[in-house]
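J.: My file is start_16.cif. It has mmCIF, C-alpha atoms; chains and numbers go by the auth columns:
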```
data_upload
#
loop_
_atom_site.group_PDB
_atom_site.id
_atom_site.type_symbol
_atom_site.label_atom_id
_atom_site.label_comp_id
_atom_site.label_asym_id
_atom_site.label_seq_id
_atom_site.Cartn_x
_atom_site.Cartn_y
_atom_site.Cartn_z
_atom_site.B_iso_or_equiv
_atom_site.auth_seq_id
_atom_site.auth_asym_id
ATOM 1 C CA MET A 1 -191.089 225.756 -60.313 0.00 18 A
ATOM 2 C CA ASP A 2 -194.451 225.063 -58.803 0.00 19 A
ATOM 3 C CA GLY A 3 -197.801 226.744 -59.431 0.00 20 A
ATOM 4 C CA SER A 4 -199.507 225.258 -56.382 0.00 21 A
ATOM 5 C CA SER A 5 -200.048 227.315 -53.241 0.00 22 A
ATOM 6 C CA GLY A 6 -199.102 226.001 -49.801 0.00 23 A
ATOM 7 C CA ALA A 7 -202.752 225.451 -48.946 0.00 24 A
ATOM 8 C CA GLU A 8 -203.346 223.504 -52.154 0.00 25 A
ATOM 9 C CA LYS A 9 -200.309 221.332 -51.437 0.00 26 A
ATOM 10 C CA LEU A 10 -201.521 220.600 -47.912 0.00 27 A
ATOM 11 C CA ASP A 11 -205.005 219.727 -49.173 0.00 28 A
ATOM 12 C CA SER A 12 -203.492 217.448 -51.795 0.00 29 A
ATOM 13 C CA GLU A 13 -201.307 215.698 -49.233 0.00 30 A
ATOM 14 C CA MET A 14 -204.202 215.173 -46.823 0.00 31 A
ATOM 15 C CA ALA A 15 -206.308 213.817 -49.677 0.00 32 A
ATOM 16 C CA ALA A 16 -203.499 211.415 -50.557 0.00 33 A
ATOM 17 C CA VAL A 17 -203.389 210.130 -46.981 0.00 34 A
ATOM 18 C CA ALA A 18 -207.175 209.655 -46.917 0.00 35 A
ATOM 19 C CA THR A 19 -207.147 207.885 -50.298 0.00 36 A
ATOM 20 C CA ALA A 20 -204.375 205.511 -49.231 0.00 37 A
ATOM 21 C CA GLU A 21 -206.226 204.671 -46.001 0.00 38 A
ATOM 22 C CA LYS A 22 -209.469 204.069 -47.927 0.00 39 A
ATOM 23 C CA LEU A 23 -207.751 201.787 -50.443 0.00 40 A
ATOM 24 C CA LEU A 24 -206.063 199.794 -47.704 0.00 41 A
ATOM 25 C CA LYS A 25 -209.430 199.229 -46.021 0.00 42 A
ATOM 26 C CA GLU A 26 -211.295 198.384 -49.243 0.00 43 A
ATOM 27 C CA LEU A 27 -208.798 196.078 -50.936 0.00 44 A
ATOM 28 C CA LYS A 28 -208.161 193.783 -47.982 0.00 45 A
ATOM 29 C CA PRO A 29 -205.555 191.740 -49.885 0.00 46 A
ATOM 30 C CA LYS A 30 -203.414 189.134 -48.185 0.00 47 A
ATOM 31 C CA PRO A 31 -201.159 190.529 -45.459 0.00 48 A
ATOM 32 C CA GLY A 32 -197.594 190.870 -46.701 0.00 49 A
ATOM 33 C CA SER A 33 -198.610 191.204 -50.352 0.00 50 A
ATOM 34 C CA GLN A 34 -196.650 193.623 -52.524 0.00 51 A
ATOM 35 C CA GLN A 35 -199.770 195.644 -53.315 0.00 52 A
ATOM 36 C CA VAL A 36 -200.361 196.328 -49.626 0.00 53 A
ATOM 37 C CA ALA A 37 -196.685 197.201 -49.069 0.00 54 A
ATOM 38 C CA VAL A 38 -196.781 199.792 -51.879 0.00 55 A
ATOM 39 C CA LEU A 39 -199.978 201.398 -50.578 0.00 56 A
ATOM 40 C CA GLU A 40 -198.727 201.445 -46.998 0.00 57 A
ATOM 41 C CA ALA A 41 -195.451 203.025 -48.096 0.00 58 A
ATOM 42 C CA PHE A 42 -197.244 205.752 -50.070 0.00 59 A
ATOM 43 C CA HIS A 43 -199.489 206.314 -47.063 0.00 60 A
ATOM 44 C CA LEU A 44 -196.397 206.868 -44.895 0.00 61 A
ATOM 45 C CA LEU A 45 -194.881 209.106 -47.575 0.00 62 A
ATOM 46 C CA ALA A 46 -197.976 211.319 -47.678 0.00 63 A
ATOM 47 C CA THR A 47 -197.645 212.189 -43.967 0.00 64 A
ATOM 48 C CA LYS A 48 -194.396 214.112 -44.718 0.00 65 A
ATOM 49 C CA LEU A 49 -193.014 213.097 -41.314 0.00 66 A
ATOM 50 C CA LYS A 50 -189.302 212.232 -41.499 0.00 67 A
ATOM 51 C CA PRO A 51 -189.481 208.908 -39.581 0.00 68 A
ATOM 52 C CA ASN A 52 -192.374 207.824 -41.816 0.00 69 A
ATOM 53 C CA ILE A 53 -190.523 208.943 -44.952 0.00 70 A
ATOM 54 C CA GLU A 54 -187.499 206.881 -43.959 0.00 71 A
ATOM 55 C CA ARG A 55 -189.696 203.862 -43.222 0.00 72 A
ATOM 56 C CA ALA A 56 -191.464 204.266 -46.585 0.00 73 A
ATOM 57 C CA LEU A 57 -188.103 204.504 -48.352 0.00 74 A
ATOM 58 C CA SER A 58 -187.000 201.269 -46.708 0.00 75 A
ATOM 59 C CA MET A 59 -190.227 199.545 -47.816 0.00 76 A
ATOM 60 C CA PHE A 60 -189.821 200.751 -51.408 0.00 77 A
ATOM 61 C CA MET A 61 -186.207 199.553 -51.437 0.00 78 A
ATOM 62 C CA GLU A 62 -187.266 196.100 -50.232 0.00 79 A
ATOM 63 C CA ILE A 63 -189.733 195.849 -53.136 0.00 80 A
ATOM 64 C CA VAL A 64 -187.106 196.958 -55.692 0.00 81 A
ATOM 65 C CA ALA A 65 -184.672 194.407 -54.261 0.00 82 A
ATOM 66 C CA THR A 66 -187.051 191.626 -55.336 0.00 83 A
ATOM 67 C CA GLU A 67 -188.393 193.322 -58.498 0.00 84 A
ATOM 68 C CA ARG A 68 -185.782 195.627 -59.986 0.00 85 A
ATOM 69 C CA ASP A 69 -188.099 197.420 -62.447 0.00 86 A
ATOM 70 C CA HIS A 70 -191.086 197.984 -60.140 0.00 87 A
ATOM 71 C CA VAL A 71 -192.146 201.446 -61.354 0.00 88 A
ATOM 72 C CA PRO A 72 -194.369 202.500 -58.392 0.00 89 A
ATOM 73 C CA ALA A 73 -191.636 201.542 -55.898 0.00 90 A
ATOM 74 C CA LEU A 74 -188.913 203.330 -57.880 0.00 91 A
ATOM 75 C CA TYR A 75 -191.100 206.429 -58.086 0.00 92 A
ATOM 76 C CA GLY A 76 -191.811 206.112 -54.359 0.00 93 A
ATOM 77 C CA MET A 77 -188.069 206.015 -53.660 0.00 94 A
ATOM 78 C CA ALA A 78 -187.557 209.135 -55.766 0.00 95 A
ATOM 79 C CA ALA A 79 -190.402 210.963 -54.027 0.00 96 A
ATOM 80 C CA ALA A 80 -188.977 210.008 -50.621 0.00 97 A
ATOM 81 C CA TYR A 81 -185.503 211.205 -51.584 0.00 98 A
ATOM 82 C CA MET A 82 -186.977 214.533 -52.762 0.00 99 A
ATOM 83 C CA VAL A 83 -188.695 215.079 -49.406 0.00 100 A
ATOM 84 C CA LEU A 84 -185.411 214.204 -47.682 0.00 101 A
ATOM 85 C CA LYS A 85 -183.697 216.780 -49.955 0.00 102 A
ATOM 86 C CA GLN A 86 -181.499 214.157 -51.623 0.00 103 A
ATOM 87 C CA THR A 87 -182.155 215.256 -55.204 0.00 104 A
ATOM 88 C CA PRO A 88 -179.245 213.385 -56.891 0.00 105 A
ATOM 89 C CA ARG A 89 -180.513 210.064 -55.504 0.00 106 A
ATOM 90 C CA ALA A 90 -184.052 210.911 -56.582 0.00 107 A
ATOM 91 C CA ARG A 91 -182.803 211.766 -60.063 0.00 108 A
ATOM 92 C CA ASN A 92 -181.053 208.406 -60.367 0.00 109 A
ATOM 93 C CA GLN A 93 -184.285 206.486 -59.703 0.00 110 A
ATOM 94 C CA LEU A 94 -186.262 208.697 -62.076 0.00 111 A
ATOM 95 C CA LYS A 95 -183.687 208.220 -64.845 0.00 112 A
ATOM 96 C CA ARG A 96 -184.116 204.464 -64.444 0.00 113 A
ATOM 97 C CA ILE A 97 -187.861 204.831 -64.991 0.00 114 A
ATOM 98 C CA ALA A 98 -187.303 207.148 -67.970 0.00 115 A
ATOM 99 C CA LYS A 99 -185.385 204.350 -69.729 0.00 116 A
ATOM 100 C CA MET A 100 -188.201 201.824 -69.258 0.00 117 A
ATOM 101 C CA GLN A 101 -190.924 200.880 -71.707 0.00 118 A
ATOM 102 C CA TRP A 102 -194.214 202.614 -70.870 0.00 119 A
ATOM 103 C CA ASN A 103 -197.167 200.420 -69.918 0.00 120 A
ATOM 104 C CA SER A 104 -200.779 201.284 -69.154 0.00 121 A
ATOM 105 C CA THR A 105 -200.759 199.522 -65.761 0.00 122 A
ATOM 106 C CA ASP A 106 -198.193 201.972 -64.370 0.00 123 A
ATOM 107 C CA ALA A 107 -199.267 204.949 -66.522 0.00 124 A
ATOM 108 C CA ASP A 108 -199.898 207.245 -63.562 0.00 125 A
ATOM 109 C CA LYS A 109 -196.499 206.592 -61.986 0.00 126 A
ATOM 110 C CA PHE A 110 -194.705 206.933 -65.328 0.00 127 A
ATOM 111 C CA GLU A 111 -196.334 210.341 -65.766 0.00 128 A
ATOM 112 C CA LYS A 112 -195.482 211.463 -62.237 0.00 129 A
ATOM 113 C CA SER A 113 -191.897 210.247 -62.681 0.00 130 A
ATOM 114 C CA TRP A 114 -191.429 212.108 -65.953 0.00 131 A
ATOM 115 C CA LEU A 115 -192.912 215.281 -64.449 0.00 132 A
ATOM 116 C CA LEU A 116 -190.688 215.101 -61.392 0.00 133 A
ATOM 117 C CA LEU A 117 -187.567 214.488 -63.471 0.00 134 A
ATOM 118 C CA ALA A 118 -188.573 217.308 -65.830 0.00 135 A
ATOM 119 C CA ASP A 119 -188.917 219.604 -62.815 0.00 136 A
ATOM 120 C CA ILE A 120 -185.403 218.660 -61.649 0.00 137 A
ATOM 121 C CA TYR A 121 -184.023 219.370 -65.127 0.00 138 A
ATOM 122 C CA ILE A 122 -185.852 222.712 -65.285 0.00 139 A
ATOM 123 C CA GLN A 123 -184.345 223.732 -61.936 0.00 140 A
ATOM 124 C CA SER A 124 -180.923 222.950 -63.449 0.00 141 A
ATOM 125 C CA GLY A 125 -181.668 224.897 -66.643 0.00 142 A
ATOM 126 C CA LYS A 126 -181.639 221.719 -68.754 0.00 143 A
ATOM 127 C CA TYR A 127 -184.670 222.724 -70.786 0.00 144 A
ATOM 128 C CA ASP A 128 -184.058 220.396 -73.752 0.00 145 A
ATOM 129 C CA MET A 129 -184.006 217.317 -71.513 0.00 146 A
ATOM 130 C CA ALA A 130 -187.086 218.520 -69.647 0.00 147 A
ATOM 131 C CA THR A 131 -188.957 219.198 -72.903 0.00 148 A
ATOM 132 C CA GLU A 132 -188.336 215.652 -74.130 0.00 149 A
ATOM 133 C CA LEU A 133 -189.954 214.235 -70.976 0.00 150 A
ATOM 134 C CA LEU A 134 -192.865 216.678 -71.082 0.00 151 A
ATOM 135 C CA LYS A 135 -193.617 215.760 -74.688 0.00 152 A
ATOM 136 C CA ARG A 136 -193.656 212.134 -73.600 0.00 153 A
ATOM 137 C CA CYS A 137 -196.232 212.983 -70.911 0.00 154 A
ATOM 138 C CA LEU A 138 -198.451 214.756 -73.433 0.00 155 A
ATOM 139 C CA GLN A 139 -198.069 211.954 -75.968 0.00 156 A
ATOM 140 C CA HIS A 140 -199.655 209.529 -73.505 0.00 157 A
ATOM 141 C CA ASN A 141 -201.990 212.018 -71.834 0.00 158 A
ATOM 142 C CA LYS A 142 -202.932 215.108 -73.857 0.00 159 A
ATOM 143 C CA SER A 143 -204.861 216.542 -70.896 0.00 160 A
ATOM 144 C CA CYS A 144 -201.843 216.528 -68.535 0.00 161 A
ATOM 145 C CA TRP A 145 -202.106 220.175 -67.486 0.00 162 A
ATOM 146 C CA LYS A 146 -198.916 220.098 -65.423 0.00 163 A
ATOM 147 C CA ALA A 147 -196.828 219.088 -68.444 0.00 164 A
ATOM 148 C CA SER A 148 -198.388 221.942 -70.426 0.00 165 A
ATOM 149 C CA GLU A 149 -197.648 224.353 -67.566 0.00 166 A
ATOM 150 C CA TYR A 150 -193.993 223.309 -67.508 0.00 167 A
ATOM 151 C CA MET A 151 -193.792 223.669 -71.315 0.00 168 A
ATOM 152 C CA GLY A 152 -195.222 227.165 -70.942 0.00 169 A
ATOM 153 C CA TYR A 153 -192.641 227.981 -68.285 0.00 170 A
ATOM 154 C CA ILE A 154 -189.781 226.861 -70.549 0.00 171 A
ATOM 155 C CA MET A 155 -191.080 228.913 -73.480 0.00 172 A
ATOM 156 C CA GLU A 156 -191.551 231.922 -71.200 0.00 173 A
ATOM 157 C CA LYS A 157 -187.950 231.637 -69.966 0.00 174 A
ATOM 158 C CA GLU A 158 -186.853 231.625 -73.601 0.00 175 A
ATOM 159 C CA GLN A 159 -189.002 234.762 -74.136 0.00 176 A
ATOM 160 C CA SER A 160 -191.158 232.970 -76.692 0.00 177 A
ATOM 161 C CA TYR A 161 -194.367 234.437 -75.288 0.00 178 A
ATOM 162 C CA ARG A 162 -196.707 233.309 -78.072 0.00 179 A
ATOM 163 C CA ASP A 163 -195.613 229.680 -77.681 0.00 180 A
ATOM 164 C CA ALA A 164 -195.728 230.033 -73.897 0.00 181 A
ATOM 165 C CA SER A 165 -199.300 231.325 -74.005 0.00 182 A
ATOM 166 C CA MET A 166 -200.338 228.377 -76.204 0.00 183 A
ATOM 167 C CA HIS A 167 -199.028 225.905 -73.614 0.00 184 A
ATOM 168 C CA TYR A 168 -200.490 227.861 -70.707 0.00 185 A
ATOM 169 C CA GLU A 169 -203.847 227.877 -72.555 0.00 186 A
ATOM 170 C CA ASN A 170 -203.761 224.078 -72.552 0.00 187 A
ATOM 171 C CA ALA A 171 -202.783 223.997 -68.871 0.00 188 A
ATOM 172 C CA TRP A 172 -205.566 226.471 -68.011 0.00 189 A
ATOM 173 C CA CYS A 173 -208.261 224.593 -69.937 0.00 190 A
ATOM 174 C CA ASN A 174 -207.193 221.093 -68.871 0.00 191 A
ATOM 175 C CA GLY A 175 -206.953 222.266 -65.271 0.00 192 A
ATOM 176 C CA SER A 176 -210.643 223.272 -65.329 0.00 193 A
ATOM 177 C CA GLN A 177 -209.666 226.967 -65.289 0.00 194 A
ATOM 178 C CA ASN A 178 -209.537 226.991 -61.494 0.00 195 A
ATOM 179 C CA ASN A 179 -205.823 227.422 -60.741 0.00 196 A
ATOM 180 C CA PRO A 180 -205.198 231.170 -60.300 0.00 197 A
ATOM 181 C CA ALA A 181 -201.413 230.764 -60.633 0.00 198 A
ATOM 182 C CA VAL A 182 -201.823 229.195 -64.097 0.00 199 A
ATOM 183 C CA GLY A 183 -204.389 231.850 -65.015 0.00 200 A
ATOM 184 C CA TYR A 184 -201.916 234.532 -63.960 0.00 201 A
ATOM 185 C CA LYS A 185 -199.164 233.011 -66.126 0.00 202 A
ATOM 186 C CA LEU A 186 -201.504 232.766 -69.107 0.00 203 A
ATOM 187 C CA ALA A 187 -202.655 236.380 -68.735 0.00 204 A
ATOM 188 C CA PHE A 188 -199.045 237.549 -68.283 0.00 205 A
ATOM 189 C CA ASN A 189 -197.921 235.850 -71.494 0.00 206 A
ATOM 190 C CA TYR A 190 -200.944 237.193 -73.375 0.00 207 A
ATOM 191 C CA LEU A 191 -199.838 240.649 -72.191 0.00 208 A
ATOM 192 C CA LYS A 192 -196.253 240.057 -73.347 0.00 209 A
ATOM 193 C CA ALA A 193 -197.532 238.717 -76.690 0.00 210 A
ATOM 194 C CA LYS A 194 -199.674 241.877 -77.059 0.00 211 A
ATOM 195 C CA ARG A 195 -202.946 239.911 -76.863 0.00 212 A
ATOM 196 C CA PHE A 196 -204.434 242.502 -74.536 0.00 213 A
ATOM 197 C CA VAL A 197 -208.113 241.588 -74.872 0.00 214 A
ATOM 198 C CA ASP A 198 -207.360 237.919 -74.145 0.00 215 A
ATOM 199 C CA ALA A 199 -205.283 238.991 -71.129 0.00 216 A
ATOM 200 C CA VAL A 200 -208.229 240.981 -69.766 0.00 217 A
ATOM 201 C CA ASP A 201 -210.620 238.056 -70.304 0.00 218 A
ATOM 202 C CA VAL A 202 -208.417 235.649 -68.345 0.00 219 A
ATOM 203 C CA CYS A 203 -207.945 238.191 -65.554 0.00 220 A
ATOM 204 C CA HIS A 204 -211.736 238.434 -65.215 0.00 221 A
ATOM 205 C CA GLN A 205 -212.024 234.619 -65.111 0.00 222 A
ATOM 206 C CA VAL A 206 -209.416 234.391 -62.349 0.00 223 A
ATOM 207 C CA LEU A 207 -210.942 237.227 -60.306 0.00 224 A
ATOM 208 C CA ALA A 208 -214.438 235.745 -60.664 0.00 225 A
ATOM 209 C CA THR A 209 -213.389 232.638 -58.734 0.00 226 A
ATOM 210 C CA HIS A 210 -210.466 234.099 -56.733 0.00 227 A
ATOM 211 C CA PRO A 211 -211.411 237.710 -55.908 0.00 228 A
ATOM 212 C CA ALA A 212 -208.664 237.848 -53.272 0.00 229 A
ATOM 213 C CA TYR A 213 -205.988 237.466 -55.952 0.00 230 A
ATOM 214 C CA PRO A 214 -205.062 241.174 -56.294 0.00 231 A
ATOM 215 C CA LYS A 215 -201.706 240.525 -57.957 0.00 232 A
ATOM 216 C CA ILE A 216 -203.341 239.805 -61.321 0.00 233 A
ATOM 217 C CA ARG A 217 -205.429 242.995 -61.186 0.00 234 A
ATOM 218 C CA ARG A 218 -202.493 245.260 -60.415 0.00 235 A
ATOM 219 C CA GLU A 219 -199.799 243.663 -62.571 0.00 236 A
ATOM 220 C CA ILE A 220 -201.756 242.554 -65.639 0.00 237 A
ATOM 221 C CA LEU A 221 -205.400 243.713 -65.845 0.00 238 A
ATOM 222 C CA GLU A 222 -204.717 247.426 -65.400 0.00 239 A
ATOM 223 C CA LYS A 223 -201.767 247.361 -67.834 0.00 240 A
ATOM 224 C CA ALA A 224 -203.740 245.450 -70.488 0.00 241 A
ATOM 225 C CA ARG A 225 -206.645 247.899 -70.219 0.00 242 A
ATOM 226 C CA LEU A 226 -204.284 250.842 -70.756 0.00 243 A
ATOM 227 C CA HIS A 227 -202.989 249.263 -73.977 0.00 244 A
ATOM 228 C CA ILE A 228 -206.531 248.654 -75.213 0.00 245 A
ATOM 229 C CA ARG A 229 -207.507 252.282 -74.572 0.00 246 A
ATOM 230 C CA VAL A 230 -204.458 253.500 -76.514 0.00 247 A
#
```
If you convert what's in this file into structure tokens, what do you get?
T.:
Amino acid sequence: MDGSSGAEKLDSEMAAVATAEKLLKELKPKPGSQQVAVLEAFHLLATKLKPNIERALSMFMEIVATERDHVPALYGMAAAYMVLKQTPRARNQLKRIAKMQWNSTDADKFEKSWLLLADIYIQSGKYDMATELLKRCLQHNKSCWKASEYMGYIMEKEQSYRDASMHYENAWCNGSQNNPAVGYKLAFNYLKAKRFVDAVDVCHQVLATHPAYPKIRREILEKARLHIRV
């Protein structure tokens, strides 16, 4: 389950590469330091090229060999395994992180680890296990829109459209109301929950910023308007 478009993913990946390069130039720590190794490995990971992924994986494994509970390196290993389509190995690393005590220093990587593991559980239909991780994300970061989106997805699958729309509302608002896929899901669940006016409002918001998103007009806006007229 993923609300991002291919273009958004590519932009995100390119931004990650640029950020890693910028950090490596700015920090200038001692050559061979663990901090540099982590950044270099994530830089390689962001290229999505198989030889670079394998090199990054090796670098992360070297770090974990000396510091068993290094959260960024464990997450990096999991991310590398996911790109290499080795989900069981990725899951094993993520489960290790899930058992660790949260700390503010590694907050970002804890959140990304929980989200990735939740996504794996959702793909396997293990909604209870995914929900536990998503609640953990929101406990530490109430504005984590991706966790709210996943919660909405789980509620939608269980046909609890009112609860789903509540979670999608949070995802929509915390995501600055600029992700048309989330807007579509929110409007769809408003429609299913018979909140037709709210569905129309969200459709207008999505179309105002993404006029080339005809799916929402045809599948939700027109249907919601018919219900309002009746």
J.: Would you list the residues near (-206.8, 236.7, -65.4) (no more than 6 Å away, in the coordinates of the file, using only C-alpha atoms) as a list in words?
T.: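 Selection result: Gly200, Tyr201, Ala204, Val219, Cys220, His221, Gln222 and Val223 of chain A.
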J.: Could you take the residues named above and write them with C-alpha atoms, as a PDB file, in the frame of the given file?
T.:
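In the end it all went to result_21.pdb:
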```pdb
ATOM      1  CA  GLY A 200    -204.389 231.850 -65.015  1.00  0.00           C
ATOM      2  CA  TYR A 201    -201.916 234.532 -63.960  1.00  0.00           C
ATOM      3  CA  ALA A 204    -202.655 236.380 -68.735  1.00  0.00           C
ATOM      4  CA  VAL A 219    -208.417 235.649 -68.345  1.00  0.00           C
ATOM      5  CA  CYS A 220    -207.945 238.191 -65.554  1.00  0.00           C
ATOM      6  CA  HIS A 221    -211.736 238.434 -65.215  1.00  0.00           C
ATOM      7  CA  GLN A 222    -212.024 234.619 -65.111  1.00  0.00           C
ATOM      8  CA  VAL A 223    -209.416 234.391 -62.349  1.00  0.00           C
TER       9      VAL A 223
END
```
J.: So, counting only C-alpha atoms, which residue among A:Leu150, A:Leu56, A:Cys161, A:Ala210 is closest to Met183 in chain A?
T.: A:Ala210
J.: For the atom pair CA of Phe205 in chain A and CA of Met168 in chain A, what is the interatomic distance in Å to one decimal place?
T.: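 According to the coordinates, CA of Phe205 in chain A and CA of Met168 in chain A are separated by 15.1 Å.
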J.: For range 83-90 of chain A, list every protein, DNA or RNA residue within 12 Å, evaluated using all atoms listed in the file, and leave out those in the same chain fewer than 6 positions away; present the list as a tab-separated table (two decimals) with C-alpha atoms, keeping the file's coordinate frame.
T.:
```
chain	number	residue	atom	x	y	z
A	51	GLN	CA	-196.65	193.62	-52.52
A	52	GLN	CA	-199.77	195.64	-53.32
A	53	VAL	CA	-200.36	196.33	-49.63
A	54	ALA	CA	-196.68	197.20	-49.07
A	55	VAL	CA	-196.78	199.79	-51.88
A	56	LEU	CA	-199.98	201.40	-50.58
A	57	GLU	CA	-198.73	201.44	-47.00
A	58	ALA	CA	-195.45	203.02	-48.10
A	59	PHE	CA	-197.24	205.75	-50.07
A	62	LEU	CA	-194.88	209.11	-47.58
A	73	ALA	CA	-191.46	204.27	-46.58
A	74	LEU	CA	-188.10	204.50	-48.35
A	75	SER	CA	-187.00	201.27	-46.71
A	76	MET	CA	-190.23	199.54	-47.82
A	77	PHE	CA	-189.82	200.75	-51.41
A	96	ALA	CA	-190.40	210.96	-54.03
A	97	ALA	CA	-188.98	210.01	-50.62
A	110	GLN	CA	-184.28	206.49	-59.70
A	111	LEU	CA	-186.26	208.70	-62.08
A	112	LYS	CA	-183.69	208.22	-64.84
A	113	ARG	CA	-184.12	204.46	-64.44
A	114	ILE	CA	-187.86	204.83	-64.99
A	115	ALA	CA	-187.30	207.15	-67.97
A	116	LYS	CA	-185.38	204.35	-69.73
A	117	MET	CA	-188.20	201.82	-69.26
A	118	GLN	CA	-190.92	200.88	-71.71
A	119	TRP	CA	-194.21	202.61	-70.87
A	120	ASN	CA	-197.17	200.42	-69.92
A	121	SER	CA	-200.78	201.28	-69.15
A	122	THR	CA	-200.76	199.52	-65.76
A	123	ASP	CA	-198.19	201.97	-64.37
A	124	ALA	CA	-199.27	204.95	-66.52
A	125	ASP	CA	-199.90	207.24	-63.56
A	126	LYS	CA	-196.50	206.59	-61.99
A	127	PHE	CA	-194.70	206.93	-65.33
A	128	GLU	CA	-196.33	210.34	-65.77
A	129	LYS	CA	-195.48	211.46	-62.24
A	130	SER	CA	-191.90	210.25	-62.68
A	131	TRP	CA	-191.43	212.11	-65.95
```
J.: Using only C-alpha atoms, which residue out of A:Ala229, A:Ala241, A:Ala198, A:Ala188 lies closest to Val214 in chain A?
T.: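 Nearest to Val214 in chain A: A:Ala241.
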J.: My list of candidates is A:Gly93, A:Ile139, A:Ile237, A:Leu134. Which is closest to Pro105 in chain A when distances are computed with only C-alpha atoms?
T.: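 Residue with the minimum atom-to-atom distance to Pro105 in chain A: A:Leu134.
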